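What follows is target_13.cif (mmCIF, C-alpha atoms and all ligand atoms).
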data_work
#
loop_
_atom_site.group_PDB
_atom_site.id
_atom_site.type_symbol
_atom_site.label_atom_id
_atom_site.label_comp_id
_atom_site.auth_asym_id
_atom_site.auth_seq_id
_atom_site.Cartn_x
_atom_site.Cartn_y
_atom_site.Cartn_z
ATOM 1 C CA MET A 1 0.000 0.000 0.000
ATOM 2 C CA ALA A 2 2.759 2.404 1.032
ATOM 3 C CA LYS A 3 4.577 1.551 -2.183
ATOM 4 C CA LYS A 4 1.471 2.331 -4.172
ATOM 5 C CA ILE A 5 1.172 5.767 -2.555
ATOM 6 C CA ILE A 6 4.804 6.536 -3.348
ATOM 7 C CA LEU A 7 4.176 5.411 -6.917
ATOM 8 C CA ILE A 8 1.143 7.668 -7.237
ATOM 9 C CA ALA A 9 3.060 10.552 -5.677
ATOM 10 C CA GLY A 10 5.827 9.952 -8.235
ATOM 11 C CA LEU A 11 3.314 9.922 -11.055
ATOM 12 C CA VAL A 12 1.715 13.139 -9.841
ATOM 13 C CA THR A 13 5.186 14.709 -9.723
ATOM 14 C CA ILE A 14 5.843 13.595 -13.290
ATOM 15 C CA ILE A 15 2.524 15.014 -14.478
ATOM 16 C CA PHE A 16 3.188 18.231 -12.577
ATOM 17 C CA LEU A 17 6.691 18.512 -14.020
ATOM 18 C CA SER A 18 5.544 17.875 -17.568
ATOM 19 C CA SER A 19 2.805 20.480 -17.303
ATOM 20 C CA LEU A 20 5.471 22.797 -15.898
ATOM 21 C CA ALA A 21 7.573 22.066 -18.996
ATOM 22 C CA VAL A 22 4.637 23.010 -21.227
ATOM 23 C CA ALA A 23 4.092 26.194 -19.241
ATOM 24 C CA THR A 24 7.810 27.011 -19.561
ATOM 25 C CA ALA A 25 7.646 26.466 -23.316
ATOM 26 C CA ALA A 26 4.722 28.834 -23.627
ATOM 27 C CA ALA A 27 6.450 31.346 -21.364
ATOM 28 C CA GLU A 28 9.712 31.205 -23.267
ATOM 29 C CA ALA A 29 7.904 31.738 -26.522
ATOM 30 C CA THR A 30 6.283 34.969 -25.410
ATOM 31 C CA LEU A 31 9.016 36.315 -23.178
ATOM 32 C CA ALA A 32 10.849 38.324 -25.771
ATOM 33 C CA SER A 33 7.867 40.615 -25.872
ATOM 34 C CA ARG A 34 7.355 40.846 -22.128
ATOM 35 C CA PRO A 35 9.205 42.611 -19.356
ATOM 36 C CA PRO A 36 11.464 40.479 -17.173
ATOM 37 C CA GLN A 37 9.306 38.801 -14.556
ATOM 38 C CA PRO A 38 10.775 37.145 -11.503
ATOM 39 C CA GLN A 39 9.520 33.572 -11.209
ATOM 40 C CA GLN A 40 7.789 32.368 -8.063
ATOM 41 C CA GLN A 41 10.339 29.870 -6.783
ATOM 42 C CA PRO A 42 13.287 29.421 -9.093
ATOM 43 C CA VAL A 43 15.525 26.443 -8.390
ATOM 44 C CA PRO A 44 18.774 27.734 -6.859
ATOM 45 C CA LEU A 45 21.335 28.495 -9.507
ATOM 46 C CA SER A 46 24.505 26.412 -9.690
ATOM 47 C CA ALA A 47 27.580 26.318 -11.918
ATOM 48 C CA GLU A 48 28.812 22.870 -12.926
ATOM 49 C CA PRO A 49 32.352 22.408 -14.281
ATOM 50 C CA LEU A 50 32.699 20.695 -17.662
ATOM 51 C CA ARG A 51 36.361 20.870 -18.683
ATOM 52 C CA GLY A 52 39.083 23.350 -19.621
ATOM 53 C CA GLY A 53 37.631 26.259 -17.627
ATOM 54 C CA VAL A 54 34.163 25.792 -19.120
ATOM 55 C CA TYR A 55 31.068 25.685 -16.903
ATOM 56 C CA TRP A 56 27.361 25.284 -17.518
ATOM 57 C CA VAL A 57 24.829 26.940 -15.265
ATOM 58 C CA GLU A 58 21.460 25.494 -14.347
ATOM 59 C CA GLY A 59 18.684 26.799 -12.136
ATOM 60 C CA GLY A 60 17.536 30.346 -11.514
ATOM 61 C CA SER A 61 15.093 31.975 -13.918
ATOM 62 C CA GLY A 62 15.434 31.292 -17.589
ATOM 63 C CA ALA A 63 17.420 28.917 -19.744
ATOM 64 C CA ASN A 64 20.715 27.236 -18.905
ATOM 65 C CA THR A 65 23.744 29.399 -19.518
ATOM 66 C CA GLY A 66 27.482 28.869 -19.497
ATOM 67 C CA PHE A 67 30.783 30.610 -19.043
ATOM 68 C CA ILE A 68 34.435 30.182 -19.899
ATOM 69 C CA ILE A 69 37.175 31.379 -17.580
ATOM 70 C CA GLY A 70 40.007 32.739 -19.723
ATOM 71 C CA LYS A 71 43.462 33.914 -18.598
ATOM 72 C CA LYS A 72 42.260 37.403 -17.696
ATOM 73 C CA GLU A 73 38.604 37.548 -18.602
ATOM 74 C CA VAL A 74 35.377 35.600 -18.523
ATOM 75 C CA ILE A 75 33.144 34.888 -21.504
ATOM 76 C CA VAL A 76 29.475 34.293 -20.673
ATOM 77 C CA ILE A 77 27.050 32.445 -22.935
ATOM 78 C CA ASP A 78 23.443 33.671 -22.561
ATOM 79 C CA ALA A 79 22.136 35.954 -19.851
ATOM 80 C CA LYS A 80 19.309 34.217 -17.899
ATOM 81 C CA MET A 81 15.811 35.733 -17.757
ATOM 82 C CA THR A 82 15.881 38.148 -14.835
ATOM 83 C CA GLU A 83 18.281 40.644 -13.310
ATOM 84 C CA GLU A 84 18.316 38.588 -10.081
ATOM 85 C CA SER A 85 19.309 35.375 -11.833
ATOM 86 C CA ALA A 86 21.964 37.147 -13.889
ATOM 87 C CA GLN A 87 23.434 38.558 -10.675
ATOM 88 C CA ALA A 88 23.300 35.123 -9.036
ATOM 89 C CA MET A 89 25.283 33.786 -12.001
ATOM 90 C CA LEU A 90 27.825 36.609 -11.668
ATOM 91 C CA ALA A 91 28.152 35.735 -7.961
ATOM 92 C CA GLU A 92 28.896 32.093 -8.876
ATOM 93 C CA ILE A 93 31.556 33.261 -11.331
ATOM 94 C CA LYS A 94 33.125 35.474 -8.640
ATOM 95 C CA LYS A 95 33.487 32.458 -6.356
ATOM 96 C CA LEU A 96 35.597 30.749 -9.029
ATOM 97 C CA THR A 97 37.765 33.530 -10.467
ATOM 98 C CA PRO A 98 38.746 37.158 -9.885
ATOM 99 C CA ASN A 99 38.630 37.717 -13.682
ATOM 100 C CA PRO A 100 35.941 40.146 -14.844
ATOM 101 C CA VAL A 101 33.208 39.253 -17.338
ATOM 102 C CA LYS A 102 34.076 40.974 -20.626
ATOM 103 C CA TYR A 103 31.977 39.186 -23.236
ATOM 104 C CA ILE A 104 28.465 37.827 -23.490
ATOM 105 C CA VAL A 105 27.575 35.680 -26.456
ATOM 106 C CA LEU A 106 23.841 35.280 -27.101
ATOM 107 C CA THR A 107 22.629 32.055 -28.713
ATOM 108 C CA HIS A 108 19.369 33.745 -29.848
ATOM 109 C CA SER A 109 16.855 36.430 -28.884
ATOM 110 C CA ASP A 110 14.297 34.646 -26.658
ATOM 111 C CA GLY A 111 13.526 36.397 -23.373
ATOM 112 C CA ASP A 112 14.615 33.463 -21.215
ATOM 113 C CA HIS A 113 18.103 33.813 -22.753
ATOM 114 C CA VAL A 114 18.483 37.603 -22.970
ATOM 115 C CA ASN A 115 16.233 39.465 -20.518
ATOM 116 C CA GLY A 116 18.746 38.947 -17.681
ATOM 117 C CA LEU A 117 21.178 41.257 -19.500
ATOM 118 C CA ALA A 118 19.904 44.082 -17.293
ATOM 119 C CA GLY A 119 21.693 42.388 -14.359
ATOM 120 C CA PHE A 120 25.112 42.740 -16.029
ATOM 121 C CA PRO A 121 27.397 45.761 -15.855
ATOM 122 C CA GLN A 122 27.059 48.000 -18.908
ATOM 123 C CA ARG A 123 29.663 48.409 -21.648
ATOM 124 C CA LEU A 124 30.399 44.716 -22.073
ATOM 125 C CA THR A 125 30.972 43.283 -25.515
ATOM 126 C CA ILE A 126 27.676 41.611 -26.398
ATOM 127 C CA VAL A 127 28.028 39.336 -29.392
ATOM 128 C CA ALA A 128 25.078 38.035 -31.418
ATOM 129 C CA HIS A 129 23.846 37.234 -34.889
ATOM 130 C CA THR A 130 22.509 40.262 -36.798
ATOM 131 C CA ASN A 131 18.969 38.816 -36.779
ATOM 132 C CA THR A 132 19.091 38.327 -33.008
ATOM 133 C CA ARG A 133 19.879 41.996 -32.558
ATOM 134 C CA LYS A 134 16.959 42.817 -34.872
ATOM 135 C CA ASP A 135 14.556 40.665 -32.785
ATOM 136 C CA MET A 136 15.822 42.275 -29.579
ATOM 137 C CA GLU A 137 15.484 45.815 -30.963
ATOM 138 C CA GLU A 138 11.870 45.019 -31.725
ATOM 139 C CA ALA A 139 11.119 43.452 -28.323
ATOM 140 C CA PHE A 140 12.824 46.259 -26.391
ATOM 141 C CA GLN A 141 10.600 48.876 -28.056
ATOM 142 C CA ASP A 142 8.080 47.895 -25.387
ATOM 143 C CA PRO A 143 8.376 50.724 -22.810
ATOM 144 C CA LYS A 144 8.386 48.112 -20.026
ATOM 145 C CA MET A 145 11.595 46.693 -21.470
ATOM 146 C CA SER A 146 13.464 49.963 -21.950
ATOM 147 C CA ALA A 147 15.957 49.038 -19.187
ATOM 148 C CA LEU A 148 17.322 46.509 -21.674
ATOM 149 C CA LEU A 149 17.990 49.020 -24.470
ATOM 150 C CA PRO A 150 21.614 49.685 -23.375
ATOM 151 C CA TYR A 151 22.208 45.952 -23.744
ATOM 152 C CA LEU A 152 21.562 45.513 -27.443
ATOM 153 C CA PRO A 153 24.360 43.447 -29.020
ATOM 154 C CA ASN A 154 27.241 45.725 -30.009
ATOM 155 C CA GLU A 155 29.128 43.141 -32.019
ATOM 156 C CA THR A 156 27.023 41.430 -34.646
ATOM 157 C CA PHE A 157 27.713 39.331 -37.703
ATOM 158 C CA ALA A 158 25.778 37.233 -40.167
ATOM 159 C CA GLY A 159 27.910 34.191 -40.973
ATOM 160 C CA GLU A 160 30.598 32.311 -39.126
ATOM 161 C CA ARG A 161 33.018 33.984 -36.755
ATOM 162 C CA PRO A 162 36.117 32.308 -35.367
ATOM 163 C CA LEU A 163 37.237 34.244 -32.296
ATOM 164 C CA ASN A 164 40.208 33.986 -30.068
ATOM 165 C CA ILE A 165 39.054 35.598 -26.876
ATOM 166 C CA ASP A 166 41.658 35.845 -24.168
ATOM 167 C CA GLY A 167 43.473 32.713 -25.355
ATOM 168 C CA VAL A 168 40.274 30.668 -25.707
ATOM 169 C CA ARG A 169 39.276 29.476 -29.166
ATOM 170 C CA VAL A 170 35.575 30.254 -29.552
ATOM 171 C CA ASN A 171 33.963 29.478 -32.895
ATOM 172 C CA LEU A 172 30.620 31.151 -33.374
ATOM 173 C CA LEU A 173 28.654 29.265 -35.979
ATOM 174 C CA HIS A 174 25.378 30.076 -37.688
ATOM 175 C CA PHE A 175 23.967 27.337 -39.890
ATOM 176 C CA GLY A 176 20.898 29.168 -41.203
ATOM 177 C CA PRO A 177 17.377 29.628 -39.811
ATOM 178 C CA ALA A 178 16.314 26.922 -37.339
ATOM 179 C CA HIS A 179 14.802 27.709 -33.888
ATOM 180 C CA THR A 180 14.896 31.402 -34.924
ATOM 181 C CA SER A 181 16.719 33.073 -37.809
ATOM 182 C CA GLY A 182 19.606 34.165 -35.608
ATOM 183 C CA ASP A 183 20.734 31.030 -33.756
ATOM 184 C CA LEU A 184 24.388 30.723 -32.820
ATOM 185 C CA VAL A 185 26.295 27.605 -31.881
ATOM 186 C CA VAL A 186 29.190 28.413 -29.570
ATOM 187 C CA TYR A 187 31.734 25.753 -30.430
ATOM 188 C CA LEU A 188 34.828 25.302 -28.279
ATOM 189 C CA PRO A 189 37.099 23.036 -30.341
ATOM 190 C CA ASP A 190 39.759 22.600 -27.640
ATOM 191 C CA GLN A 191 37.237 21.469 -25.031
ATOM 192 C CA LYS A 192 35.033 19.595 -27.554
ATOM 193 C CA ILE A 193 31.982 21.363 -26.163
ATOM 194 C CA ALA A 194 29.211 23.142 -28.073
ATOM 195 C CA PHE A 195 26.605 25.449 -26.545
ATOM 196 C CA VAL A 196 23.574 25.066 -28.784
ATOM 197 C CA GLY A 197 20.941 27.300 -27.172
ATOM 198 C CA ASP A 198 17.463 26.076 -28.111
ATOM 199 C CA LEU A 199 18.557 24.169 -31.198
ATOM 200 C CA ALA A 200 18.173 20.981 -29.153
ATOM 201 C CA PHE A 201 15.114 20.171 -27.078
ATOM 202 C CA ILE A 202 14.999 16.670 -25.627
ATOM 203 C CA GLY A 203 11.914 15.285 -23.917
ATOM 204 C CA ARG A 204 9.492 17.566 -25.691
ATOM 205 C CA ASP A 205 8.877 18.738 -29.233
ATOM 206 C CA PRO A 206 11.346 21.292 -30.527
ATOM 207 C CA LEU A 207 9.880 24.769 -30.579
ATOM 208 C CA ILE A 208 10.175 26.676 -33.840
ATOM 209 C CA HIS A 209 9.575 30.434 -33.811
ATOM 210 C CA ARG A 210 8.097 30.996 -37.256
ATOM 211 C CA GLN A 211 7.528 34.670 -36.407
ATOM 212 C CA LYS A 212 11.310 34.968 -35.898
ATOM 213 C CA GLY A 213 12.068 33.183 -39.165
ATOM 214 C CA GLY A 214 12.657 29.721 -37.678
ATOM 215 C CA THR A 215 12.019 26.565 -39.719
ATOM 216 C CA SER A 216 11.938 22.848 -38.915
ATOM 217 C CA PHE A 217 13.679 21.938 -42.193
ATOM 218 C CA GLY A 218 16.389 24.457 -41.315
ATOM 219 C CA LEU A 219 16.650 22.880 -37.877
ATOM 220 C CA VAL A 220 17.330 19.499 -39.505
ATOM 221 C CA GLN A 221 20.202 20.987 -41.520
ATOM 222 C CA THR A 222 21.549 22.766 -38.458
ATOM 223 C CA LEU A 223 21.448 19.588 -36.356
ATOM 224 C CA GLN A 224 23.335 17.734 -39.106
ATOM 225 C CA LYS A 225 26.047 20.406 -38.991
ATOM 226 C CA ILE A 226 26.141 20.249 -35.180
ATOM 227 C CA LEU A 227 26.651 16.481 -35.410
ATOM 228 C CA ALA A 228 29.586 17.043 -37.774
ATOM 229 C CA LEU A 229 31.447 19.080 -35.113
ATOM 230 C CA ASP A 230 34.281 17.444 -33.230
ATOM 231 C CA ALA A 231 32.443 17.739 -29.905
ATOM 232 C CA ASP A 232 31.089 15.270 -27.383
ATOM 233 C CA THR A 233 29.197 17.544 -24.983
ATOM 234 C CA PHE A 234 26.277 19.739 -26.036
ATOM 235 C CA ILE A 235 24.772 22.279 -23.676
ATOM 236 C CA SER A 236 21.220 23.268 -24.518
ATOM 237 C CA GLY A 237 18.933 25.834 -22.951
ATOM 238 C CA HIS A 238 16.556 23.412 -21.298
ATOM 239 C CA ASN A 239 18.260 20.058 -20.774
ATOM 240 C CA ASP A 240 21.137 18.530 -18.860
ATOM 241 C CA PRO A 241 24.309 18.169 -20.950
ATOM 242 C CA LEU A 242 23.592 16.138 -24.089
ATOM 243 C CA THR A 243 25.626 13.622 -26.066
ATOM 244 C CA LYS A 244 25.945 13.133 -29.809
ATOM 245 C CA ALA A 245 23.494 10.214 -29.505
ATOM 246 C CA ASP A 246 20.891 12.571 -27.996
ATOM 247 C CA ILE A 247 21.281 14.973 -30.931
ATOM 248 C CA GLN A 248 21.102 12.060 -33.391
ATOM 249 C CA GLY A 249 17.872 10.838 -31.764
ATOM 250 C CA LEU A 250 16.364 14.313 -31.913
ATOM 251 C CA LEU A 251 17.298 14.709 -35.579
ATOM 252 C CA ALA A 252 15.790 11.311 -36.431
ATOM 253 C CA SER A 253 12.545 12.122 -34.624
ATOM 254 C CA ILE A 254 12.106 15.442 -36.486
ATOM 255 C CA GLU A 255 12.867 13.810 -39.835
ATOM 256 C CA GLU A 256 10.392 11.040 -39.068
ATOM 257 C CA LYS A 257 7.652 13.586 -38.298
ATOM 258 C CA GLN A 258 8.440 15.548 -41.462
ATOM 259 C CA ALA A 259 8.195 12.375 -43.581
ATOM 260 C CA LYS A 260 4.905 11.348 -41.971
ATOM 261 C CA VAL A 261 3.332 14.812 -42.386
ATOM 262 C CA LYS A 262 4.474 14.874 -46.022
ATOM 263 C CA ALA A 263 2.935 11.444 -46.677
ATOM 264 C CA LEU A 264 -0.349 12.458 -45.048
ATOM 265 C CA ILE A 265 -0.499 15.665 -47.108
ATOM 266 C CA GLN A 266 0.044 13.573 -50.246
ATOM 267 C CA GLN A 267 -2.914 11.432 -49.161
ATOM 268 C CA GLY A 268 -4.975 14.624 -49.162
ATOM 269 C CA LYS A 269 -5.364 14.874 -45.371
ATOM 270 C CA SER A 270 -6.237 18.208 -43.795
ATOM 271 C CA LEU A 271 -4.240 19.809 -40.985
ATOM 272 C CA GLU A 272 -6.881 18.744 -38.461
ATOM 273 C CA GLU A 273 -6.754 15.150 -39.708
ATOM 274 C CA ILE A 274 -2.971 15.153 -39.576
ATOM 275 C CA LYS A 275 -2.957 16.532 -36.044
ATOM 276 C CA SER A 276 -5.358 13.847 -34.891
ATOM 277 C CA ALA A 277 -3.230 11.180 -36.656
ATOM 278 C CA PHE A 278 -0.425 12.308 -34.322
ATOM 279 C CA GLY A 279 -2.808 12.361 -31.350
ATOM 280 C CA ILE A 280 -2.432 16.121 -30.918
ATOM 281 C CA ALA A 281 -5.348 17.640 -29.075
ATOM 282 C CA GLU A 282 -4.836 21.330 -28.486
ATOM 283 C CA ALA A 283 -6.907 22.863 -25.761
ATOM 284 C CA PRO A 284 -7.356 26.610 -26.137
ATOM 285 C CA VAL A 285 -4.942 28.574 -23.965
ATOM 286 C CA PRO A 286 -7.000 30.942 -21.803
ATOM 287 C CA GLY A 287 -6.085 34.496 -22.670
ATOM 288 C CA GLY A 288 -2.825 33.449 -24.283
ATOM 289 C CA ARG A 289 -1.331 32.959 -27.691
ATOM 290 C CA ARG A 290 -1.317 29.457 -29.054
ATOM 291 C CA TRP A 291 2.063 28.017 -29.991
ATOM 292 C CA PRO A 292 1.708 25.495 -32.790
ATOM 293 C CA SER A 293 2.986 21.963 -32.342
ATOM 294 C CA LEU A 294 5.964 20.813 -34.384
ATOM 295 C CA VAL A 295 3.550 18.836 -36.589
ATOM 296 C CA GLU A 296 1.585 21.987 -37.405
ATOM 297 C CA THR A 297 4.800 23.900 -38.067
ATOM 298 C CA ILE A 298 5.956 21.198 -40.487
ATOM 299 C CA TYR A 299 2.534 21.218 -42.184
ATOM 300 C CA LEU A 300 2.629 24.999 -42.636
ATOM 301 C CA GLU A 301 6.164 24.875 -44.031
ATOM 302 C CA LEU A 302 5.199 22.154 -46.523
ATOM 303 C CA ALA A 303 2.035 24.047 -47.491
ATOM 304 C CA GLU A 304 4.172 27.140 -48.233
ATOM 305 C CA LYS A 305 6.542 25.118 -50.417
ATOM 306 C CA LYS A 306 3.763 24.061 -52.780
HETATM 307 ZN ZN ZN B 401 14.446 29.868 -27.393
#
Would you write the structure of this file as structure tokens?
Amino acid sequence: MAKKIILIAGLVTIIFLSSLAVATAAAEATLASRPPQPQQQPVPLSAEPLRGGVYWVEGGSGANTGFIIGKKEVIVIDAKMTEESAQAMLAEIKKLTPNPVKYIVLTHSDGDHVNGLAGFPQRLTIVAHTNTRKDMEEAFQDPKMSALLPYLPNETFAGERPLNIDGVRVNLLHFGPAHTSGDLVVYLPDQKIAFVGDLAFIGRDPLIHRQKGGTSFGLVQTLQKILALDADTFISGHNDPLTKADIQGLLASIEEKQAKVKALIQQGKSLEEIKSAFGIAEAPVPGGRRWPSLVETIYLELAEKK
């Protein structure tokens, strides 16, 4: 009996956690257009060492982040979602090194990756893809987000950028539109680590921001290029560190969905029929925007191609 109760409690926790994941997905999707909002009870933030002076940070508000301790400086990857969480990350860095943070690289423009910028000192070098800066400029027009205006990326580029920051080889790679149109992979060839932002979601459908120029077919190409990197550890915004096998599995699952949607379209099925073939039942979100499932995204992309 006691065992049964524990089992049920476990199940309830799983259900609770998965609905939390859905809520987080919806939140992350709309955050770029909302002011930073402190979460109710964020998990305490912690910095976990990987190798070669590279750390990944979990907890706090917003997506996972990372940092690299160089000889004299620190390079941060993504900025958390709130000022408080950004400052908690800076406090963790201070415990590990006296070196100041000089660079922030942004993997893309979503609020859970960039809204914490307001917690950083000003006049840092903020590096991002040109399209990410464009998305941020748009989001920060909202008067409630004006505190973030001094933090627009001040070093932008459109293609690939190999950098040597403070003795650390940092390759910034953009493989075309995928999660958004400005995704960056931060590839550290010496440590064989790649920070991939939201290009990899494991345990739930990848989210594609069509309104930011993202595409699922682009994501497939990007994941193929990520797999071709000489790396064995992949840090994503919303998972524990991933392996190449995880990325391979994700790629296969997206390709499988694309093939199935394509076949169903060829059979003359409607979007509603295709969604029900995948068992997707979308309840209306009270008062909120609806974020389409990956299946719907794929359908819309294929419909546009015709
Ligand atoms: Zn994102």
Show me which residues sit within 12 Å of ligand ZN 401 (chain B) when counting all atoms listed in the file, and put them as a count of residues only. 49
Could you tell me how far CA of Ile126 (chain A) sits from CA of Leu90 (chain A), in Å to one decimal place? 15.6 Å
Convert the output of the PyMOL selection byres (((chain A and resi 268-277) around 12) and not hetatm) on the shown file into explicit residues, formatted as a list in words. Lys257, Gln258, Lys260, Val261, Lys262, Ala263, Leu264, Ile265, Gln266, Gln267, Phe278, Gly279, Ile280, Ala281, Glu282, Pro292, Ser293, Leu294, Val295, Glu296, Thr297, Ile298, Tyr299, Leu300, Glu301, Leu302 and Ala303 of chain A
Atomic separation - CA of Ala118 (chain A) relative to CA of Leu148 (chain A), Å: 5.6 Å
Using only C-alpha atoms, which residue out of A:Ala128, A:Ala79, A:Ala91, A:Ala147 lies closest to Glu160 (chain A)? A:Ala128
Would you work out the distance separating CA of His174 (chain A) from CA of Pro241 (chain A), expressed in Å to one decimal?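 Separating CA of His174 (chain A) from CA of Pro241 (chain A) is a distance of 20.6 Å.
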